[in-house]
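Text of protein.cif (mmCIF, C-alpha atoms and all ligand atoms) as supplied:
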```cif
data_input
loop_
_atom_site.label_atom_id
_atom_site.label_comp_id
_atom_site.auth_asym_id
_atom_site.auth_seq_id
_atom_site.Cartn_x
_atom_site.Cartn_y
_atom_site.Cartn_z
CA MET A 1273 12.10 1.27 -28.51
CA PRO A 1274 10.00 4.15 -27.18
CA ASP A 1275 8.39 6.32 -29.82
CA PRO A 1276 10.20 9.70 -29.73
CA ALA A 1277 7.17 11.54 -31.11
CA ARG A 1278 4.99 10.21 -28.30
CA ARG A 1279 7.71 10.94 -25.76
CA ALA A 1280 8.01 14.54 -26.85
CA CYS A 1281 4.45 15.38 -25.81
CA ARG A 1282 4.41 13.53 -22.51
CA ARG A 1283 2.85 15.15 -19.47
CA CYS A 1284 4.85 14.10 -16.40
CA VAL A 1285 4.97 14.63 -12.66
CA VAL A 1286 7.98 13.87 -10.48
CA THR A 1287 7.38 14.01 -6.72
CA GLY A 1288 10.31 14.83 -4.44
CA ALA A 1289 12.16 16.72 -7.16
CA THR A 1290 14.01 19.29 -5.02
CA SER A 1291 17.08 17.05 -4.75
CA GLY A 1292 18.66 13.72 -5.60
CA LEU A 1293 17.10 11.23 -7.96
CA GLY A 1294 13.90 13.23 -8.43
CA ARG A 1295 15.72 16.40 -9.45
CA SER A 1296 17.97 14.55 -11.93
CA THR A 1297 15.05 12.58 -13.37
CA ALA A 1298 13.00 15.75 -13.87
CA ARG A 1299 15.97 17.31 -15.69
CA LEU A 1300 16.24 14.33 -18.05
CA LEU A 1301 12.52 14.55 -18.84
CA ALA A 1302 12.93 18.29 -19.51
CA GLN A 1303 15.81 17.55 -21.89
CA ARG A 1304 13.45 15.30 -23.84
CA GLY A 1305 11.04 18.21 -24.27
CA ASP A 1306 8.36 16.80 -21.96
CA ARG A 1307 5.97 18.85 -19.85
CA VAL A 1308 7.17 18.42 -16.28
CA ALA A 1309 5.46 19.10 -12.94
CA VAL A 1310 7.68 18.89 -9.86
CA THR A 1311 6.81 18.69 -6.18
CA GLY A 1312 8.66 19.00 -2.87
CA ARG A 1313 8.32 20.83 0.43
CA ARG A 1314 11.17 23.34 -0.03
CA ALA A 1315 9.44 26.01 -2.12
CA ALA A 1316 12.50 28.15 -2.89
CA ARG A 1317 14.50 25.09 -3.97
CA LEU A 1318 11.58 23.96 -6.14
CA GLU A 1319 11.59 27.31 -7.98
CA GLU A 1320 15.31 26.84 -8.60
CA VAL A 1321 14.61 23.39 -10.05
CA ALA A 1322 11.78 24.80 -12.21
CA GLY A 1323 14.26 27.29 -13.69
CA GLU A 1324 16.70 24.46 -14.44
CA LEU A 1325 13.96 22.52 -16.22
CA ARG A 1326 12.96 25.48 -18.40
CA ASP A 1327 16.63 26.00 -19.33
CA ALA A 1328 16.93 22.28 -20.10
CA GLY A 1329 14.15 22.48 -22.71
CA ALA A 1330 10.92 21.42 -20.96
CA ALA A 1331 7.82 22.19 -23.03
CA ASP A 1332 6.16 23.49 -19.85
CA VAL A 1333 6.99 23.41 -16.13
CA LEU A 1334 4.76 23.43 -13.06
CA ALA A 1335 6.32 23.90 -9.61
CA LEU A 1336 3.98 22.57 -6.93
CA PRO A 1337 5.30 23.10 -3.39
CA GLY A 1338 4.00 20.89 -0.59
CA GLY A 1339 4.22 17.49 1.07
CA VAL A 1340 2.88 14.16 -0.20
CA GLU A 1341 1.75 13.11 3.28
CA ASP A 1342 -1.22 15.49 3.05
CA PRO A 1343 -3.98 14.19 0.73
CA ALA A 1344 -5.49 17.69 0.37
CA ILE A 1345 -2.17 19.05 -0.92
CA VAL A 1346 -1.79 16.14 -3.36
CA ALA A 1347 -5.37 16.71 -4.56
CA ALA A 1348 -4.58 20.39 -5.16
CA HIS A 1349 -1.38 19.51 -7.06
CA HIS A 1350 -3.22 17.04 -9.22
CA ALA A 1351 -6.03 19.54 -9.89
CA ALA A 1352 -3.46 22.15 -11.00
CA ILE A 1353 -1.93 19.65 -13.44
CA ARG A 1354 -5.33 18.66 -14.83
CA GLU A 1355 -6.31 22.26 -15.29
CA ARG A 1356 -3.12 23.07 -17.18
CA TRP A 1357 -2.59 19.88 -19.24
CA GLY A 1358 -5.81 17.89 -18.95
CA GLY A 1359 -4.08 14.90 -17.31
CA LEU A 1360 -0.85 12.94 -16.96
CA ASP A 1361 0.95 10.35 -19.09
CA LEU A 1362 3.74 9.57 -16.62
CA ALA A 1363 3.78 9.83 -12.82
CA ILE A 1364 7.13 9.23 -11.11
CA LEU A 1365 6.30 8.93 -7.41
CA ASN A 1366 9.75 9.37 -5.96
CA ALA A 1367 9.35 11.43 -2.76
CA GLY A 1368 10.78 9.52 0.16
CA VAL A 1369 12.54 9.76 3.49
CA GLY A 1370 15.24 7.52 4.87
CA GLY A 1371 16.51 7.65 8.39
CA SER A 1372 17.49 5.14 10.98
CA ASP A 1373 16.46 4.66 14.55
CA ASP A 1374 17.94 3.50 17.83
CA PRO A 1375 17.81 -0.27 17.27
CA ARG A 1376 17.14 -0.99 20.98
CA ALA A 1377 14.27 1.48 21.36
CA PHE A 1378 11.26 0.67 19.23
CA ARG A 1379 9.26 3.78 18.30
CA ALA A 1380 5.88 3.39 16.67
CA ALA A 1381 6.02 7.10 15.76
CA ALA A 1382 9.06 6.50 13.54
CA TYR A 1383 7.05 3.94 11.55
CA ARG A 1384 4.06 6.27 11.31
CA GLU A 1385 6.23 9.18 10.09
CA THR A 1386 8.07 7.10 7.50
CA PHE A 1387 4.95 5.36 6.21
CA ALA A 1388 3.21 8.76 5.93
CA VAL A 1389 5.67 9.74 3.18
CA ASN A 1390 7.07 6.53 1.66
CA PHE A 1391 3.81 4.57 1.56
CA PHE A 1392 0.80 6.86 2.02
CA GLY A 1393 2.44 9.64 0.01
CA VAL A 1394 2.35 7.29 -2.98
CA CYS A 1395 -1.21 6.16 -2.12
CA HIS A 1396 -2.41 9.78 -2.15
CA TRP A 1397 -1.08 10.22 -5.69
CA LEU A 1398 -2.52 6.88 -6.83
CA ASP A 1399 -5.91 7.98 -5.50
CA ARG A 1400 -5.83 10.83 -7.99
CA VAL A 1401 -3.93 9.43 -10.94
CA VAL A 1402 -5.29 5.87 -11.29
CA PRO A 1403 -8.94 6.82 -12.04
CA ASP A 1404 -7.83 9.39 -14.63
CA MET A 1405 -5.44 7.01 -16.37
CA VAL A 1406 -7.97 4.17 -16.31
CA ALA A 1407 -10.54 6.51 -17.91
CA ALA A 1408 -7.95 7.59 -20.51
CA ARG A 1409 -7.03 3.90 -21.05
CA GLY A 1410 -3.32 4.73 -20.79
CA GLY A 1411 -0.52 6.00 -18.60
CA VAL A 1412 2.55 4.94 -16.68
CA ILE A 1413 2.99 5.11 -12.92
CA ALA A 1414 6.48 4.41 -11.57
CA ALA A 1415 7.01 4.52 -7.82
CA VAL A 1416 10.48 4.57 -6.31
CA SER A 1417 10.79 1.83 -3.72
CA SER A 1418 14.06 0.19 -2.61
CA PRO A 1419 15.95 -3.11 -2.31
CA GLY A 1420 15.90 -2.10 1.38
CA GLY A 1421 12.35 -3.44 1.36
CA TRP A 1422 13.29 -6.90 0.07
CA ARG A 1423 14.23 -8.07 3.59
CA GLY A 1424 14.08 -6.49 7.03
CA PHE A 1425 17.42 -4.71 7.37
CA PRO A 1426 18.70 -3.76 10.84
CA GLY A 1427 18.75 -0.14 11.98
CA VAL A 1428 16.31 0.96 9.26
CA GLY A 1429 13.13 -0.88 10.29
CA PRO A 1430 10.74 1.95 9.38
CA TYR A 1431 12.38 2.43 5.96
CA SER A 1432 12.55 -1.31 5.18
CA ALA A 1433 8.95 -1.88 6.25
CA SER A 1434 7.62 1.13 4.32
CA LYS A 1435 9.35 0.09 1.10
CA ALA A 1436 8.24 -3.55 1.52
CA ALA A 1437 4.65 -2.33 1.90
CA LEU A 1438 5.06 -0.08 -1.13
CA SER A 1439 6.46 -2.79 -3.42
CA THR A 1440 3.78 -5.26 -2.29
CA MET A 1441 1.03 -2.73 -2.93
CA LEU A 1442 2.45 -1.92 -6.38
CA GLU A 1443 2.41 -5.62 -7.28
CA SER A 1444 -1.22 -5.97 -6.21
CA ILE A 1445 -2.45 -2.99 -8.18
CA ARG A 1446 -0.33 -3.92 -11.20
CA ILE A 1447 -2.28 -7.15 -11.40
CA ASP A 1448 -5.60 -5.41 -10.68
CA LEU A 1449 -4.93 -2.99 -13.54
CA ARG A 1450 -4.03 -5.63 -16.14
CA GLY A 1451 -5.79 -4.82 -19.40
CA SER A 1452 -6.63 -1.26 -18.30
CA GLY A 1453 -3.81 0.32 -20.31
CA VAL A 1454 -2.18 1.61 -17.11
CA LYS A 1455 1.32 0.37 -16.43
CA ILE A 1456 2.61 0.11 -12.86
CA ILE A 1457 6.37 0.04 -12.36
CA ASP A 1458 8.29 -0.68 -9.14
CA VAL A 1459 11.70 1.03 -9.20
CA CYS A 1460 14.32 -0.29 -6.77
CA PRO A 1461 17.63 1.55 -7.13
CA GLY A 1462 20.84 0.54 -5.39
CA TYR A 1463 22.92 3.18 -3.64
CA VAL A 1464 22.71 6.60 -5.28
CA LYS A 1465 24.48 9.80 -4.22
CA SER A 1466 21.81 12.14 -2.81
CA GLU A 1467 20.90 14.02 0.35
CA MET A 1468 19.62 10.71 1.73
CA THR A 1469 23.01 9.00 1.44
CA ALA A 1470 25.17 12.08 2.13
CA GLY A 1471 27.33 11.67 5.21
CA ARG A 1472 27.14 7.89 5.17
CA ASP A 1473 30.28 5.79 4.94
CA PRO A 1474 30.82 5.09 1.20
CA LYS A 1475 32.50 1.79 2.12
CA ARG A 1476 29.11 0.59 3.35
CA MET A 1477 27.41 1.54 0.07
CA PRO A 1478 28.76 -0.83 -2.61
CA PHE A 1479 28.52 0.33 -6.24
CA LEU A 1480 27.40 3.83 -5.17
CA MET A 1481 26.15 5.64 -8.29
CA GLU A 1482 26.23 9.28 -9.33
CA THR A 1483 22.74 10.81 -9.16
CA ASP A 1484 22.51 11.42 -12.91
CA GLU A 1485 23.47 7.84 -13.65
CA GLY A 1486 20.78 6.59 -11.27
CA ALA A 1487 18.18 8.84 -12.93
CA ALA A 1488 19.21 7.69 -16.42
CA ARG A 1489 18.87 4.03 -15.41
CA LEU A 1490 15.52 4.72 -13.78
CA LEU A 1491 14.15 6.31 -16.96
CA ARG A 1492 15.64 3.60 -19.19
CA GLY A 1493 13.80 0.98 -17.14
CA ILE A 1494 10.55 2.92 -17.44
CA ASP A 1495 11.02 3.33 -21.21
CA ARG A 1496 11.50 -0.42 -21.51
CA GLY A 1497 8.24 -0.99 -19.68
CA ARG A 1498 9.75 -3.26 -17.03
CA ARG A 1499 7.52 -4.27 -14.11
CA LEU A 1500 10.46 -4.11 -11.74
CA VAL A 1501 13.35 -1.78 -12.48
CA HIS A 1502 16.39 -2.58 -10.34
CA PHE A 1503 19.99 -1.49 -10.70
CA PRO A 1504 22.94 -1.84 -10.61
CA ARG A 1505 22.42 -5.50 -11.33
CA ARG A 1506 25.72 -6.60 -9.74
CA LEU A 1507 24.26 -5.41 -6.43
CA THR A 1508 20.56 -6.08 -6.91
CA TRP A 1509 20.72 -9.63 -8.34
CA PRO A 1510 22.63 -10.99 -5.32
CA LEU A 1511 20.24 -9.08 -3.06
CA ARG A 1512 17.25 -10.60 -4.85
CA LEU A 1513 18.67 -14.07 -4.38
CA ILE A 1514 19.30 -13.35 -0.70
CA ALA A 1515 15.77 -11.96 -0.37
CA ALA A 1516 14.20 -14.99 -2.00
CA GLY A 1517 16.31 -17.79 -0.69
CA LEU A 1518 18.27 -17.18 2.48
CA PRO A 1519 16.73 -18.66 5.62
CA GLY A 1520 16.60 -16.48 8.73
CA TRP A 1521 19.31 -18.43 10.56
CA PHE A 1522 21.73 -17.45 7.78
CA PHE A 1523 20.35 -13.98 6.98
CA ASP A 1524 20.20 -12.59 10.54
CA PRO A 1525 23.92 -12.71 11.45
CA LEU A 1526 24.90 -11.65 7.92
CA ALA A 1527 22.57 -8.62 8.01
CA ALA A 1528 23.66 -7.75 11.56
CA ARG A 1529 27.28 -7.60 10.33
CA TYR A 1530 26.91 -6.05 6.86
CA GLY A 1531 23.31 -4.77 6.53
CA ARG A 1532 23.39 -1.70 8.75
CA PRO A 1533 23.49 1.78 7.15
N1 LIG A 1601 19.75 7.31 -2.58
C1 LIG A 1601 19.64 6.00 -2.52
O1 LIG A 1601 20.65 5.29 -2.35
C2 LIG A 1601 18.29 5.34 -2.70
C3 LIG A 1601 18.26 3.93 -2.84
C4 LIG A 1601 17.02 3.31 -3.00
C5 LIG A 1601 15.87 4.06 -3.05
N2 LIG A 1601 15.92 5.42 -2.91
C6 LIG A 1601 14.68 6.17 -2.97
O2 LIG A 1601 14.79 7.17 -3.94
C7 LIG A 1601 13.88 8.23 -3.64
C8 LIG A 1601 14.59 9.57 -3.76
O3 LIG A 1601 15.56 9.67 -2.73
P1 LIG A 1601 16.98 10.37 -2.92
O4 LIG A 1601 18.00 9.35 -2.67
O5 LIG A 1601 17.03 11.14 -4.17
O6 LIG A 1601 16.99 11.33 -1.62
P2 LIG A 1601 16.86 12.89 -1.42
O7 LIG A 1601 17.91 13.64 -2.13
O8 LIG A 1601 16.76 13.05 0.07
O9 LIG A 1601 15.45 13.24 -2.09
C9 LIG A 1601 14.22 13.02 -1.48
C10 LIG A 1601 13.19 13.94 -2.11
O10 LIG A 1601 11.92 13.65 -1.52
C11 LIG A 1601 11.36 14.87 -1.09
N3 LIG A 1601 10.50 14.66 0.06
C12 LIG A 1601 10.83 14.18 1.27
N4 LIG A 1601 9.76 14.19 2.07
C13 LIG A 1601 8.73 14.68 1.32
C14 LIG A 1601 7.36 14.93 1.58
N5 LIG A 1601 6.81 14.70 2.78
N6 LIG A 1601 6.59 15.42 0.58
C15 LIG A 1601 7.13 15.68 -0.64
N7 LIG A 1601 8.42 15.46 -0.94
C16 LIG A 1601 9.20 14.97 0.04
C17 LIG A 1601 12.52 15.80 -0.79
O11 LIG A 1601 12.14 17.14 -0.96
P3 LIG A 1601 11.70 18.16 0.20
O12 LIG A 1601 12.60 17.91 1.37
O13 LIG A 1601 11.90 19.50 -0.43
O14 LIG A 1601 10.26 17.88 0.48
C18 LIG A 1601 13.49 15.40 -1.89
O15 LIG A 1601 13.20 16.13 -3.06
C19 LIG A 1601 13.33 7.94 -2.24
O16 LIG A 1601 12.04 7.35 -2.34
C20 LIG A 1601 14.32 6.92 -1.69
O17 LIG A 1601 13.76 6.08 -0.72
C21 LIG A 1601 17.11 6.07 -2.74
#
```

The structure given in the file should be rewritten as structure tokens.
Amino acid sequence: MPDPARRACRRCVVTGATSGLGRSTARLLAQRGDRVAVTGRRAARLEEVAGELRDAGAADVLALPGGVEDPAIVAAHHAAIRERWGGLDLAILNAGVGGSDDPRAFRAAAYRETFAVNFFGVCHWLDRVVPDMVAARGGVIAAVSSPGGWRGFPGVGPYSASKAALSTMLESIRIDLRGSGVKIIDVCPGYVKSEMTAGRDPKRMPFLMETDEGAARLLRGIDRGRRLVHFPRRLTWPLRLIAAGLPGWFFDPLAARYGRP
């Protein structure tokens, strides 16, 4: 069980907290009395979220507008956090973009744009946070990836590839950081109601969760110190088996029929 006294003084950042999972997760941290920094590109929305977090009981709130794809902006956000709190205990690197593309027209630009946020956006934060946490001999970094990265799903190539790269990178650095006191967690949620899933056919999103439920499960997994946090299990276990075991001749027609967004 997590130590409530330690939890109460945690210094946290949640990237991509203007909507969806990030916003709900930041609110749950605020309700615990943590110090919470939030980021996102929509400045007015971020101020609204900051107000919510203060009302919810956060010990302190920092609203840091800007995009994760720009390393200079991430460096400035991290510097502001260090100046105010001296460092971070928990970094939830959640900012991400979805999107699908015309399956018959390959576009390298779509991959570059998606990787800039979903993969390099996390790298930019790791650049800043890992050295600090290693020096402090403690800290937790949880990045939000996706089961969509466990195989190559049709119609969402850039998303699938970016999340596969992210999860693979997290595994590498988790092993590199063994014994350093820094914990690396790969979070792979199933379908969650958010701006990303709004407008999609609910029938094609089995076990779709409310945003708050997704955020609660995400934090529970982090509290338990799991390497890989995936939920809901009735969706993610079958997907993990498919990812690990199904040969291409079986996977391809199945994914073509059921795997599109
Ligand atoms: N919803 C699902 O079913 C699902 C399933 C698996 C994984 N995920 C992952 O969960 C994470 C959160 O997504 P969500 O479902 O909550 O979607 P969402 O409501 O669209 O939230 C995405 C958040 O990321 C922020 N963001 C996007 N681009 C950004 C950038 N360049 N720099 C900084 N922030 C940026 C957005 O804020 P601004 O627009 O204000 O910048 C927003 O706050 C994503 O990584 C997503 O891939 C979601």

Within 8 Å of ligand LIG 1601 (chain A) (counting all atoms listed in the file), which residues show up? I'd like them as a PyMOL selection string. chain A and resi 1287-1295+1311-1315+1317-1318+1338-1341+1365-1370+1388-1390+1393+1415-1420+1431+1435+1460-1469+1480+1483

Find the residue from A:Leu1511, A:Leu1442, A:Cys1395, A:Ile1413 that sits nearest to Pro1478 in chain A; use only C-alpha atoms when measuring. A:Leu1511

Which of these residues is nearest to Ala1528 in chain A, using only C-alpha atoms: A:Val1454, A:Ala1331, A:Leu1513, A:Val1428?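 Of the candidates, the smallest distance to Ala1528 in chain A is held by A:Val1428.
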
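Restricting the calculation to all atoms listed in the file, the smallest distance between Asp1473 in chain A and any of A:Arg1532, A:Arg1400, A:Arg1282, A:His1349 is found for A:Arg1532.
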
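Proximity to Val1308 in chain A was assessed for A:Asp1332, A:Gly1323, A:Arg1409, A:Thr1508 counting all atoms listed in the file; the smallest distance is recorded for A:Asp1332.
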
Find the residues near Ala1408 in chain A: any atom within 10 Å, counting only C-alpha atoms, skip ones fewer than 4 places away on the same chain, and give them as a list in words.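 Close residues of Ala1408 in chain A: Gly1359, Leu1360, Asp1361, Val1402, Pro1403, Asp1404, Ser1452, Gly1453 and Val1454 of chain A.
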
Residues just named, written with C-alpha atoms as a CSV table (one decimal), in the frame of the given file:
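Okay, result_15.csv is ready:
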```
chain,number,residue,atom,x,y,z
A,1359,GLY,CA,-4.1,14.9,-17.3
A,1360,LEU,CA,-0.8,12.9,-17.0
A,1361,ASP,CA,1.0,10.4,-19.1
A,1402,VAL,CA,-5.3,5.9,-11.3
A,1403,PRO,CA,-8.9,6.8,-12.0
A,1404,ASP,CA,-7.8,9.4,-14.6
A,1452,SER,CA,-6.6,-1.3,-18.3
A,1453,GLY,CA,-3.8,0.3,-20.3
A,1454,VAL,CA,-2.2,1.6,-17.1
```

To one decimal place in Å, what is the distance between CA of Phe1391 in chain A and CA of Glu1443 in chain A?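 Spanning CA of Phe1391 in chain A to CA of Glu1443 in chain A is a straight-line distance of 13.6 Å.
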
Distance CA of Glu1319 in chain A-CA of Ala1344 in chain A, one decimal place? 21.3 Å

Report, in Å to a single decimal, how far apart CA of Asp1458 in chain A and CA of Arg1446 in chain A are. 9.4 Å

Which of A:Ala1516, A:Val1321, A:Val1394, A:Ala1309 sits closest to Arg1356 in chain A [using all atoms listed in the file]: A:Ala1309

Excluding range 1423-1426 of chain A and residues on its chain fewer than 4 positions from it, collect all residues at most 10 Å away from it, counting only C-alpha atoms, and give them as a list in words.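 Here the qualifying residues turn out to be Ser1372, Asp1373, Pro1375, Pro1419, Pro1430, Tyr1431, Ser1432, Ala1433, Lys1435, Ala1436, Leu1511, Arg1512, Ile1514, Ala1515, Ala1516, Phe1523, Asp1524, Ala1527, Ala1528, Arg1529, Tyr1530, Gly1531, Arg1532 and Pro1533 of chain A.
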
Enclose range 1437-1450 of chain A, meaning all of its atoms listed in the file, in a box aligned along x, y and z, pad it by 6 Å on each side, and list the centre and edge lengths in Å to one decimal, as AutoDock Vina command-line options.
```
--center_x 0.4 --center_y -3.6 --center_z -7.1 --size_x 24.1 --size_y 19.1 --size_z 30.0
```
